[in-house]
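Chemist: Sharing a structure, written as structure tokens. Questions coming.
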Amino acid sequence: MKPEIASIRIEPSKGWVSLQLREIWEYRELLYFLIWRDIKVRYKQTILGGAWAIIQPFFTMVVFSLFFGKLAKVPSDGIPYPIFSFTALVPWSFFANGLNQASNSLVGNSNLITKVYFPRMCMPIASVIGGIIDFTLAFSVLIGMVFYYGIIPSVHIIWIPFFLMLAFSTSLGASLWLSALYVKFHDVRHIIPFLTQIWLFATPIAYPSSLLKEPWFTIYGINPMTGVVEGFRWALLGTDTAPGPIIIVSSLVAVGLLLSGAFYFRRMEKTFADVV
């Protein structure tokens, strides 16, 4: 007698489905591989390699310091403008690069999606996590600049991982929405750079949020990156932007964006292989 062979039948889900995070854990080895692959591809055939993670925010800081700091005389909460802007640009670069990479992750891997089954959410997650290497390189330069300007970080520096997680949640949440939409509507690839630019100037990177008064200051926290940027400045530079209502608002919005993006992604996941 021939032994019976067990078979698994994969069928598309109907309606709104659970996030099934356990499935992502079961495919964790694939997730590790995707993260490593994204890191290798990012630096493949580049002359400067990982130095780009430092060059991009550094020269943006130079431009901001020239036009906003010197010419426009934008206030910087009593902190030298170069370190004021660079402290914001480091977490912003992590967020923006993760958003750009993750939003294109499904369409860029269409061949893999149409051939093999795996939790599609692994792709945007891997793209955002892969940016940790770039963040670490840029953050090391930031710490050097902090000491160069004679600023001694206080114990508040222990909050940095929390603010980084907030940036990660915001980047991943927005990416889940955009990557799922990009599969069906390729116009999204034109929207992403425009959205990133708008988001940049809607975040207090080139200027301090202290220019706003209550209640607008707290409402400004609807942009989760506001809490991230001001949190980094408070933790590293000692500015008067301690976690408060604005951080609470930013955190709630980031969590809402992440959860809604995850549920929408899971709902649309069943159609990716057909339309990508």
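Convention: chains lettered A, B, ... in structure tokens order; per-chain residue numbering from 1; ligands numbered from 1 as shown.
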What lies within 12 Å of range 160-164 of chain A using only C-alpha atoms, ignoring chain neighbours under 2 positions off, as number ranges by chain?

Modeler: A: 87-88, 90-95, 128-129, 131-132, 135-136, 139, 153-158, 166-171, 224-237, 243, 247-248, 250-251, 254

Chemist: Write out as an NGL selection string all residues of range 154-234 of chain A that backbone DSSP assigns to helix (DSSP H, G or I).

Modeler: :A and (155-184 or 188-201 or 209-211 or 216-222 or 224-234)

Chemist: Extract, using only C-alpha atoms, all DNA, RNA and protein residues at most 10 Å from range 185-190 of chain A, discarding same-chain residues fewer than 6 positions from it, and format them as a list in words.

Modeler: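 Counting only the stated atoms, we get Asn100, Ser103, Asn104, Val107, Leu178, Ser179, Val275 and Val276 of chain A.
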
Chemist: With only C-alpha atoms as the atoms that count, which of A:Ala180, A:Ile113, A:Leu71, A:Trp216 lies nearest to Arg267 in chain A?

Modeler: A:Ala180

Chemist: Could you tell me which of A:Leu195, A:Leu31, A:Ala206, A:Ile24 comes closest to Phe68 in chain A if we count only C-alpha atoms?

Modeler: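 Going through A:Leu195, A:Leu31, A:Ala206, A:Ile24 one by one, the smallest distance to Phe68 in chain A is for A:Ala206.
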
Chemist: Nearest to Pro80 in chain A among A:Ile219, A:Ile191, A:Met268, A:Val146, with distances taken over only C-alpha atoms: which residue is it?

Modeler: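 Among the listed residues, A:Val146 lies closest to Pro80 in chain A.
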
Chemist: Would you mind reading off the distance between CA of Ala138 in chain A and CA of Ile54 in chain A, one decimal, in Å?

Modeler: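 It comes out at 4.9 Å.
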
Chemist: Identify, on the basis of only C-alpha atoms, every residue whose closest approach to Ser209 in chain A does not exceed 9 Å; exclude the query and any residue fewer than 3 positions from it along the same chain; express the result as a list in words.

Modeler: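 Selected residues are Thr203, Pro204, Ile205, Leu212, Lys213, Phe217, Tyr220, Thr226, Glu230 and Thr241 of chain A.
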
Chemist: Which residue is closest to Gly98 in chain A? Choose from A:Ile35, A:Ile79, A:Ala51, A:Leu142 and count only C-alpha atoms.

Modeler: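 Going through A:Ile35, A:Ile79, A:Ala51, A:Leu142 one by one, the smallest distance to Gly98 in chain A is for A:Ile35.
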
Chemist: From the options A:Phe33, A:Lys270, A:Leu19, A:Phe58, which residue's atoms come nearest to Leu137 in chain A, counting only C-alpha atoms?

Modeler: A:Phe58

Chemist: A:Leu176, A:Leu106, A:Ile39, A:Leu99: which is nearest Phe263 in chain A, counting only C-alpha atoms?

Modeler: A:Leu176

Chemist: Please provide the set of residues having any atom within 9 Å of Trp177 in chain A, restricted to only C-alpha atoms, with same-chain residues fewer than 2 positions apart removed, written as a PyMOL selection string.

Modeler: chain A and resi 103+172-175+179-182+257-258+260-262+264-265

Chemist: With C-alpha atoms retained, could you export that selection as an mmCIF file, in the first residue's frame?

Modeler:
data_model
loop_
_atom_site.group_PDB
_atom_site.id
_atom_site.type_symbol
_atom_site.label_atom_id
_atom_site.label_comp_id
_atom_site.auth_asym_id
_atom_site.auth_seq_id
_atom_site.Cartn_x
_atom_site.Cartn_y
_atom_site.Cartn_z
ATOM 1 C CA SER A 103 6.334 50.924 -0.247
ATOM 2 C CA LEU A 172 5.857 50.576 8.715
ATOM 3 C CA GLY A 173 2.260 51.685 9.172
ATOM 4 C CA ALA A 174 2.417 54.116 6.243
ATOM 5 C CA SER A 175 4.334 51.553 4.165
ATOM 6 C CA SER A 179 2.630 49.033 -0.601
ATOM 7 C CA ALA A 180 -0.833 47.440 -0.719
ATOM 8 C CA LEU A 181 -2.203 50.357 -2.750
ATOM 9 C CA TYR A 182 0.851 50.332 -5.053
ATOM 10 C CA LEU A 257 -1.662 53.961 11.540
ATOM 11 C CA LEU A 258 0.194 50.687 12.095
ATOM 12 C CA SER A 260 -5.091 50.056 10.281
ATOM 13 C CA GLY A 261 -2.306 49.549 7.738
ATOM 14 C CA ALA A 262 -1.769 45.963 8.891
ATOM 15 C CA TYR A 264 -5.821 46.707 5.255
ATOM 16 C CA PHE A 265 -2.672 44.926 4.034
#

Chemist: Enter the distance from CA of Val249 in chain A to CA of Phe201 in chain A, in Å, rounded to one decimal.

Modeler: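 It comes out at 19.1 Å.
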